[in-house]
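**Student:** As input, take input_37.tsv (TSV, C-alpha atoms and all ligand atoms):
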chain	number	residue	atom	x	y	z
A	645	MET	CA	-112.78	77.31	-99.65
A	646	MET	CA	-112.75	75.25	-96.46
A	647	HIS	CA	-115.48	72.63	-96.08
A	648	ARG	CA	-118.02	73.59	-93.41
A	649	GLU	CA	-117.35	70.37	-91.52
A	650	GLU	CA	-113.59	70.97	-91.48
A	651	ARG	CA	-114.16	74.44	-90.05
A	652	ARG	CA	-116.44	72.97	-87.38
A	653	GLN	CA	-113.86	70.31	-86.46
A	654	ARG	CA	-111.01	72.84	-86.40
A	655	ASN	CA	-112.95	75.12	-84.04
A	656	ALA	CA	-113.92	72.24	-81.76
A	657	LEU	CA	-110.43	70.73	-81.64
A	658	ALA	CA	-108.71	74.07	-81.02
A	659	ALA	CA	-111.23	74.68	-78.22
A	660	CYS	CA	-110.40	71.25	-76.81
A	661	TYR	CA	-106.67	72.05	-76.68
A	662	ARG	CA	-107.53	75.19	-74.74
A	663	ILE	CA	-109.80	73.21	-72.41
A	664	PHE	CA	-106.87	70.87	-71.68
A	665	HIS	CA	-104.73	73.93	-70.99
A	666	GLN	CA	-107.30	75.27	-68.54
A	667	LEU	CA	-107.57	71.86	-66.85
A	668	GLY	CA	-103.77	71.64	-66.56
A	669	TRP	CA	-103.66	68.47	-68.68
A	670	THR	CA	-100.58	69.63	-70.56
A	671	GLU	CA	-97.03	68.35	-70.95
A	672	LEU	CA	-94.98	71.31	-72.22
A	673	ILE	CA	-95.32	71.06	-76.03
A	674	TYR	CA	-95.92	67.29	-76.02
A	675	ASN	CA	-98.95	65.00	-76.20
A	676	HIS	CA	-101.75	65.17	-78.73
A	677	ILE	CA	-105.45	65.32	-79.30
A	678	THR	CA	-106.32	64.21	-82.83
A	679	VAL	CA	-109.50	64.04	-84.89
A	680	ARG	CA	-110.30	62.27	-88.13
A	681	LEU	CA	-111.99	64.57	-90.62
A	682	PRO	CA	-115.03	63.22	-92.44
A	683	PRO	CA	-114.05	62.05	-95.94
A	684	GLU	CA	-116.55	64.43	-97.56
A	685	ALA	CA	-114.51	67.32	-96.13
A	686	CYS	CA	-111.27	65.96	-97.65
A	687	GLY	CA	-112.26	64.94	-101.16
A	688	GLY	CA	-112.67	61.34	-100.04
A	689	GLU	CA	-109.21	61.14	-98.41
A	690	VAL	CA	-108.54	60.04	-94.80
A	691	HIS	CA	-107.09	63.07	-93.06
A	692	PHE	CA	-106.57	64.12	-89.45
A	693	LEU	CA	-106.02	67.33	-87.51
A	694	ILE	CA	-103.19	67.53	-84.97
A	695	ASN	CA	-101.48	70.24	-82.92
A	696	PRO	CA	-98.53	72.06	-84.49
A	697	PHE	CA	-95.37	70.67	-82.85
A	698	GLY	CA	-93.63	73.32	-80.76
A	699	LEU	CA	-96.69	75.22	-79.58
A	700	ARG	CA	-98.29	75.14	-76.15
A	701	TYR	CA	-101.90	74.00	-76.08
A	702	ASP	CA	-103.04	77.56	-75.37
A	703	GLU	CA	-101.33	78.67	-78.59
A	704	VAL	CA	-103.26	76.22	-80.76
A	705	THR	CA	-105.83	77.85	-83.03
A	706	ALA	CA	-108.37	76.53	-85.51
A	707	VAL	CA	-106.14	77.85	-88.32
A	708	ASN	CA	-102.75	76.51	-87.15
A	709	LEU	CA	-103.96	72.92	-86.58
A	710	VAL	CA	-102.07	70.77	-89.08
A	711	LYS	CA	-103.77	68.43	-91.53
A	712	ILE	CA	-101.99	65.07	-91.89
A	713	ASP	CA	-102.59	61.63	-93.30
A	714	LEU	CA	-102.54	58.28	-91.51
A	715	LYS	CA	-98.74	58.15	-91.76
A	716	GLY	CA	-98.38	61.57	-90.13
A	717	ARG	CA	-97.38	63.27	-93.40
A	718	ILE	CA	-98.47	66.88	-93.75
A	719	VAL	CA	-101.00	67.15	-96.58
A	720	GLU	CA	-101.67	70.89	-96.62
A	721	ALA	CA	-99.23	73.82	-96.53
A	722	THR	CA	-98.44	74.98	-92.98
A	723	ASP	CA	-95.77	76.97	-91.15
A	724	TRP	CA	-95.51	74.24	-88.52
A	725	PRO	CA	-94.02	70.77	-88.22
A	726	VAL	CA	-95.83	67.88	-86.59
A	727	ASN	CA	-94.45	65.19	-84.29
A	728	PRO	CA	-94.83	62.04	-86.41
A	729	ALA	CA	-93.48	59.80	-83.63
A	730	GLY	CA	-96.17	61.16	-81.31
A	731	PHE	CA	-98.86	60.50	-83.90
A	732	THR	CA	-98.02	56.80	-84.34
A	733	LEU	CA	-99.94	55.85	-81.19
A	734	HIS	CA	-102.93	57.89	-82.35
A	735	SER	CA	-102.77	56.62	-85.93
A	736	ALA	CA	-102.73	53.00	-84.73
A	737	ILE	CA	-106.00	53.62	-82.90
A	738	HIS	CA	-107.61	55.72	-85.64
A	739	ARG	CA	-106.66	53.00	-88.12
A	740	GLY	CA	-107.63	50.00	-85.98
A	741	ILE	CA	-110.88	51.27	-84.43
A	742	PRO	CA	-113.29	52.66	-87.04
A	743	ASP	CA	-115.34	54.58	-84.41
A	744	ALA	CA	-112.26	56.27	-82.94
A	745	HIS	CA	-112.73	59.62	-84.69
A	746	CYS	CA	-111.06	61.39	-81.75
A	747	VAL	CA	-108.06	60.18	-79.72
A	748	MET	CA	-106.66	62.07	-76.73
A	749	HIS	CA	-103.61	61.20	-74.64
A	750	THR	CA	-102.14	62.75	-71.49
A	751	HIS	CA	-99.22	62.38	-69.08
A	752	THR	CA	-100.90	64.00	-66.06
A	753	THR	CA	-99.11	63.30	-62.80
A	754	THR	CA	-101.90	61.33	-61.15
A	755	GLY	CA	-102.79	59.52	-64.38
A	756	SER	CA	-99.18	58.49	-64.90
A	757	ALA	CA	-98.86	57.51	-61.21
A	758	VAL	CA	-101.79	55.11	-61.52
A	759	ALA	CA	-100.37	53.88	-64.85
A	760	CYS	CA	-97.14	53.00	-63.02
A	761	SER	CA	-98.87	51.32	-60.11
A	762	ALA	CA	-98.84	47.52	-60.27
A	763	ALA	CA	-102.43	47.36	-59.02
A	764	GLY	CA	-103.66	49.80	-61.67
A	765	LEU	CA	-106.90	51.67	-61.20
A	766	SER	CA	-108.65	50.96	-57.92
A	767	ARG	CA	-112.40	50.48	-58.48
A	768	ASP	CA	-113.58	51.94	-55.20
A	769	ASN	CA	-114.28	55.53	-56.07
A	770	PHE	CA	-117.27	57.16	-57.75
A	771	TYR	CA	-115.57	57.73	-61.11
A	772	ALA	CA	-113.65	54.46	-61.30
A	773	ALA	CA	-116.88	52.52	-60.69
A	774	MET	CA	-118.40	54.14	-63.80
A	775	LEU	CA	-115.55	52.73	-65.88
A	776	HIS	CA	-116.40	49.12	-65.08
A	777	GLY	CA	-116.22	47.26	-68.38
A	778	ARG	CA	-115.03	50.41	-70.15
A	779	LEU	CA	-111.31	50.39	-69.22
A	780	ALA	CA	-108.36	48.65	-70.87
A	781	TYR	CA	-104.64	48.42	-70.15
A	782	HIS	CA	-101.74	48.29	-72.57
A	783	ASP	CA	-98.29	47.21	-71.43
A	784	PHE	CA	-95.32	49.51	-71.93
A	785	GLU	CA	-93.08	48.76	-74.89
A	786	GLY	CA	-90.97	51.92	-74.90
A	787	ILE	CA	-91.51	55.62	-75.50
A	788	THR	CA	-92.23	55.43	-79.20
A	789	VAL	CA	-94.92	53.23	-80.68
A	790	HIS	CA	-93.35	51.35	-83.59
A	791	ALA	CA	-95.46	50.11	-86.44
A	792	ASP	CA	-95.54	46.54	-85.12
A	793	GLU	CA	-96.90	47.68	-81.73
A	794	GLY	CA	-99.96	49.30	-83.36
A	795	PRO	CA	-102.01	46.10	-83.74
A	796	ARG	CA	-101.08	45.10	-80.17
A	797	VAL	CA	-102.35	48.46	-78.85
A	798	VAL	CA	-105.61	47.95	-80.74
A	799	ARG	CA	-105.90	44.40	-79.40
A	800	SER	CA	-105.24	45.58	-75.84
A	801	ILE	CA	-107.94	48.25	-76.17
A	802	GLY	CA	-110.67	46.12	-77.69
A	803	ARG	CA	-113.85	48.21	-77.38
A	804	ALA	CA	-112.80	49.99	-74.17
A	805	GLN	CA	-112.78	53.75	-74.58
A	806	ALA	CA	-110.73	54.56	-71.47
A	807	VAL	CA	-107.18	53.25	-71.58
A	808	ILE	CA	-104.31	53.12	-69.12
A	809	LEU	CA	-100.97	52.90	-70.91
A	810	ARG	CA	-98.90	51.16	-68.25
A	811	ASN	CA	-95.78	53.04	-67.06
A	812	HIS	CA	-96.85	55.88	-69.37
A	813	GLY	CA	-100.16	57.72	-69.11
A	814	LEU	CA	-103.83	57.88	-70.00
A	815	LEU	CA	-105.72	57.72	-73.28
A	816	ALA	CA	-109.32	57.91	-74.39
A	817	TRP	CA	-111.03	57.67	-77.73
A	818	GLY	CA	-114.52	58.59	-78.82
A	819	VAL	CA	-116.86	58.92	-81.74
A	820	ASP	CA	-116.23	62.65	-81.33
A	821	ILE	CA	-114.28	65.06	-79.13
A	822	ALA	CA	-117.06	65.42	-76.55
A	823	GLN	CA	-117.38	61.68	-75.95
A	824	ALA	CA	-113.61	61.13	-75.74
A	825	LEU	CA	-113.41	63.99	-73.24
A	826	ALA	CA	-116.18	62.44	-71.11
A	827	TYR	CA	-114.11	59.26	-70.85
A	828	LEU	CA	-110.80	60.96	-70.23
A	829	TRP	CA	-112.26	63.29	-67.62
A	830	THR	CA	-113.86	60.38	-65.75
A	831	LEU	CA	-110.60	58.41	-65.82
A	832	GLN	CA	-108.58	61.46	-64.76
A	833	ARG	CA	-110.91	62.13	-61.82
A	834	ALA	CA	-110.69	58.48	-60.78
A	835	CYS	CA	-106.88	58.71	-60.79
A	836	ASP	CA	-106.87	62.04	-58.91
A	837	ILE	CA	-109.05	60.61	-56.16
A	838	GLN	CA	-107.11	57.35	-55.95
A	839	VAL	CA	-103.80	59.16	-55.58
A	840	ALA	CA	-105.17	61.71	-53.10
A	841	GLY	CA	-106.77	58.94	-51.05
A	842	ALA	CA	-103.68	56.73	-50.98
A	843	ALA	CA	-102.39	58.60	-47.95
A	844	LEU	CA	-105.57	57.88	-45.99
A	845	GLY	CA	-105.20	54.13	-45.72
A	846	PRO	CA	-107.57	51.44	-46.95
A	847	THR	CA	-110.57	52.50	-49.04
A	848	VAL	CA	-114.15	51.32	-48.63
A	849	PRO	CA	-114.65	48.60	-51.23
A	850	VAL	CA	-117.30	48.87	-53.96
A	851	SER	CA	-118.79	45.54	-55.02
A	852	GLU	CA	-118.57	44.45	-58.62
A	853	ASP	CA	-122.39	44.53	-58.85
A	854	ILE	CA	-122.45	48.18	-57.85
A	855	GLN	CA	-119.58	48.96	-60.24
A	856	ARG	CA	-121.54	47.30	-63.05
A	857	GLN	CA	-124.64	49.31	-62.13
A	858	ALA	CA	-122.64	52.55	-61.92
A	859	SER	CA	-121.19	51.91	-65.36
A	860	ALA	CA	-124.65	51.15	-66.82
A	861	ASP	CA	-126.05	54.32	-65.22
A	862	ALA	CA	-123.20	56.52	-66.49
A	863	LEU	CA	-125.27	57.91	-69.34
A	864	GLN	CA	-122.83	60.72	-70.13
A	865	PHE	CA	-120.92	58.32	-72.38
A	866	ALA	CA	-123.92	57.38	-74.54
A	867	PRO	CA	-124.42	59.39	-77.74
A	868	GLU	CA	-128.22	59.07	-77.30
A	869	HIS	CA	-127.85	60.86	-73.94
A	870	GLY	CA	-125.65	63.64	-75.24
A	871	GLY	CA	-122.33	61.78	-75.19
A	872	GLY	CA	-120.62	64.51	-73.16
A	873	ARG	CA	-121.78	67.31	-75.47
A	874	ASP	CA	-123.32	69.43	-72.69
A	875	VAL	CA	-120.08	69.29	-70.72
A	876	PHE	CA	-117.95	70.04	-73.77
A	877	GLU	CA	-120.09	73.03	-74.74
A	878	ALA	CA	-119.96	74.35	-71.18
A	879	LEU	CA	-116.16	74.12	-71.19
A	880	VAL	CA	-115.98	75.77	-74.64
A	881	ARG	CA	-117.99	78.68	-73.21
A	882	ALA	CA	-115.39	79.04	-70.44
A	883	VAL	CA	-112.60	79.06	-73.03
A	884	ASP	CA	-114.43	81.56	-75.25
A	885	ALA	CA	-115.16	83.87	-72.33
A	886	ARG	CA	-111.41	84.21	-71.87
A	887	ASP	CA	-110.37	84.49	-75.53
A	888	ALA	CA	-112.35	83.35	-78.56
A	889	SER	CA	-109.80	84.60	-81.10
A	890	TYR	CA	-108.68	81.00	-81.81
A	891	ARG	CA	-111.88	80.35	-83.78
A	892	ILE	CA	-112.55	80.59	-87.49
A	893	PRO	CA	-115.75	82.65	-87.69
A	894	ASP	CA	-118.77	80.92	-89.24
B	1	ZN	ZN	-97.29	59.60	-74.17
Any chance you could give the structure as structure tokens?
Ligand SMILES: [Zn+2]
**Tutor:**
Amino acid sequence: MMHREERRQRNALAACYRIFHQLGWTELIYNHITVRLPPEACGGEVHFLINPFGLRYDEVTAVNLVKIDLKGRIVEATDWPVNPAGFTLHSAIHRGIPDAHCVMHTHTTTGSAVACSAAGLSRDNFYAAMLHGRLAYHDFEGITVHADEGPRVVRSIGRAQAVILRNHGLLAWGVDIAQALAYLWTLQRACDIQVAGAALGPTVPVSEDIQRQASADALQFAPEHGGGRDVFEALVRAVDARDASYRIPD
């Protein structure tokens, strides 16, 4: 009998994969969104849910999500493999940041373009300003995160919940899926606008004071102001309107 909380997390995570599909934040069968299950749902063990390796995001369901441990080892019978190399980046963050219950990572074109740009994220657009004090960078060390890079990733991130992996892509973590999505969406929009605006010449600068104010006023990140839940639920409704068969019924 599946724990109620595991069923809830499976439904939410499968919905999130489908949201990414609808947003076009996909990379063939690659990239991951992972969640840590609460220990009470796993008999006190530390377990995570991850996408089955080989499926598109729109093929992910609550049932086919794979349960793994911190080392990426499958802990419950499944028809699907996982990509343990892909999980090492996520596991480093889950392990090193206690509040990082959800980690999401993308290789979107504009996100990766900004990640490759020497100047990084420009602060003079609406969304970038909200990330003042909330954004970290991690330098590229190769395509696979090896065990020794894990602590360096965690050190690079600090408490920032939006992360640019230089020469690579974007990442966000959150206390839950909705909060991580609020960060990643804001960062993605900032990158989209920066890249689209690059052809238009110099941008109008935004002072650091205004950036600081914009970040303080960006209440969508704060759990006490919903932490992105309204947005997440709205996007889940859009997914469900198309096809809700991915869910495990309550
Ligand atoms: Zn990657």
**Student:** Considering only C-alpha atoms, return as a list in words whatever protein or nucleic-acid residues lie within 8 Å of Asn769 in chain A, sequence-local ones (same chain, fewer than 4 positions apart) excluded.
**Tutor:**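 Non-adjacent residues within range: Ala773, Ala834, Ile837, Gln838 and Val850 of chain A.
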**Student:** Kindly save the residues from that selection, with C-alpha atoms included, as a compact mmCIF listing (two decimals), in the frame of the given file.
**Tutor:**
# COMPACT_ATOMS: atom_id res chain seq x y z
CA ALA A 773 -116.88 52.52 -60.69
CA ALA A 834 -110.69 58.48 -60.78
CA ILE A 837 -109.05 60.61 -56.16
CA GLN A 838 -107.11 57.35 -55.95
CA VAL A 850 -117.30 48.87 -53.96
**Student:** Residues contacting ligand ZN 1 (chain B) - anything with an atom at most 8 Å away, using all atoms listed in the file - can you give me those as a ChimeraX atom specification?
**Tutor:** /A:675,730,749-751,787,812-814
**Student:** Would you give me, as JSON lines, each residue of range 808-835 of chain A having an atom within 9 Å of an atom of range 647-660 of chain A, along with its shortest atom pair and that distance in Å to one decimal, using all atoms listed in the file and sorting by chain and residue number?
**Tutor:**
{"residue": "A:Ile821", "atom": "CA", "partner": "A:Leu657", "partner_atom": "CA", "distance": 7.3}
{"residue": "A:Ala822", "atom": "CA", "partner": "A:Cys660", "partner_atom": "CA", "distance": 8.9}
{"residue": "A:Leu825", "atom": "CA", "partner": "A:Cys660", "partner_atom": "CA", "distance": 8.6}
**Student:** Have a look at A:Asp713, A:Glu785, A:Asp702, A:Asp884 and name the one nearest to His665 in chain A; count all atoms listed in the file.
**Tutor:**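 Nearest candidate to His665 in chain A out of A:Asp713, A:Glu785, A:Asp702, A:Asp884: A:Asp702.
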**Student:** What is the CA of Gly794 in chain A to CA of His738 in chain A distance in Å?
**Tutor:**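 So the answer is 10.2 Å.
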**Student:** As an exercise, work out the distance from CA of Phe876 in chain A to CA of Ala826 in chain A in Å and give it to one decimal place.
**Tutor:**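 For CA of Phe876 in chain A relative to CA of Ala826 in chain A, the distance reads 8.2 Å.
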**Student:** So which residues touch Asp874 in chain A within 12 Å, counting all atoms listed in the file, skipping near sequence neighbours fewer than 3 positions away, as a list in words?
**Tutor:** Ile821, Ala822, Gln823, Leu825, Ala826, Gln864, Phe865, Pro867, His869, Gly870, Gly871, Glu877, Ala878, Leu879, Val880 and Arg881 of chain A
**Student:** Between A:Val819, A:Ala858, A:Ala780, A:Ile801, which has the minimum distance to Leu765 in chain A (counting all atoms listed in the file)?
**Tutor:**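 Going through A:Val819, A:Ala858, A:Ala780, A:Ile801 one by one, the smallest distance to Leu765 in chain A is for A:Ala780.
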**Student:** So how many Å separate CA of Asn811 in chain A and CA of Gly872 in chain A, to one decimal?
**Tutor:**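 One can read the CA of Asn811 in chain A to CA of Gly872 in chain A distance as 28.0 Å.
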**Student:** Anything within 10 Å of (-102.9, 49.1, -81.1): list those residues as a list of chain:residue names, counting all atoms listed in the file and sticking to the file's coordinates.
**Tutor:**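 So the residues meeting the distance criterion are A:Thr732, A:Leu733, A:His734, A:Ser735, A:Ala736, A:Ile737, A:His738, A:Arg739, A:Gly740, A:Ile741, A:His782, A:Val789, A:Ala791, A:Asp792, A:Glu793, A:Gly794, A:Pro795, A:Arg796, A:Val797, A:Val798, A:Arg799, A:Ser800, A:Ile801, A:Gly802.
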**Student:** At most 6 Å from (-111.9, 52.9, -74.4), file frame, all atoms listed in the file: which residues, as a short mmCIF file (atom, residue, chain, number, x, y, z; two decimals) with C-alpha atoms, keeping the file's coordinate frame?
**Tutor:**
data_model
loop_
_atom_site.label_atom_id
_atom_site.label_comp_id
_atom_site.auth_asym_id
_atom_site.auth_seq_id
_atom_site.Cartn_x
_atom_site.Cartn_y
_atom_site.Cartn_z
CA ARG A 778 -115.03 50.41 -70.15
CA LEU A 779 -111.31 50.39 -69.22
CA ARG A 803 -113.85 48.21 -77.38
CA ALA A 804 -112.80 49.99 -74.17
CA GLN A 805 -112.78 53.75 -74.58
CA ALA A 806 -110.73 54.56 -71.47
CA VAL A 807 -107.18 53.25 -71.58
CA ALA A 816 -109.32 57.91 -74.39
CA TRP A 817 -111.03 57.67 -77.73
#
**Student:** For a quick check of understanding, using all atoms listed in the file, which of A:Leu809, A:Cys686, A:Met645, A:Ile712 has the smallest distance to Val726 in chain A?
**Tutor:** A:Ile712
**Student:** Find the residues around Phe697 in chain A up to 8 Å (only C-alpha atoms counted), leave out those fewer than 2 positions away in its own chain, and share them as a VMD selection string.
**Tutor:** chain A and resid 673 to 674 695 699 724 to 727
**Student:** Rank A:Arg886, A:Arg833, A:Arg873, A:Arg767 by their smallest atom-to-atom distance to Arg856 in chain A, using only C-alpha atoms, and report the top residue only.
**Tutor:**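 For Arg856 in chain A, the nearest of the given residues is A:Arg767.
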**Student:** Near Thr678 in chain A, within 7 Å and counting only C-alpha atoms, which residues show up once chain neighbours fewer than 5 positions away are dropped, as number ranges by chain?
**Tutor:** A: 692-694, 746-748
**Student:** Need the shell around Asp723 in chain A: protein/DNA/RNA residues with any atom at most 12 Å away, counting only C-alpha atoms. Skip same-chain ones fewer than 2 positions apart. Format as a list in words?
**Tutor:**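 Using only C-alpha atoms, the neighbours found are Pro696, Phe697, Gly698, Leu699, Val707, Asn708, Leu709, Val710, Lys711, Ile718, Glu720, Ala721, Pro725 and Val726 of chain A.
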**Student:** Nearest to Asp836 in chain A: which of A:Ala866, A:Ala744, A:Ala729, A:Val758 is it, counting all atoms listed in the file?
**Tutor:**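 Using all atoms listed in the file, the shortest distance to Asp836 in chain A belongs to A:Val758.
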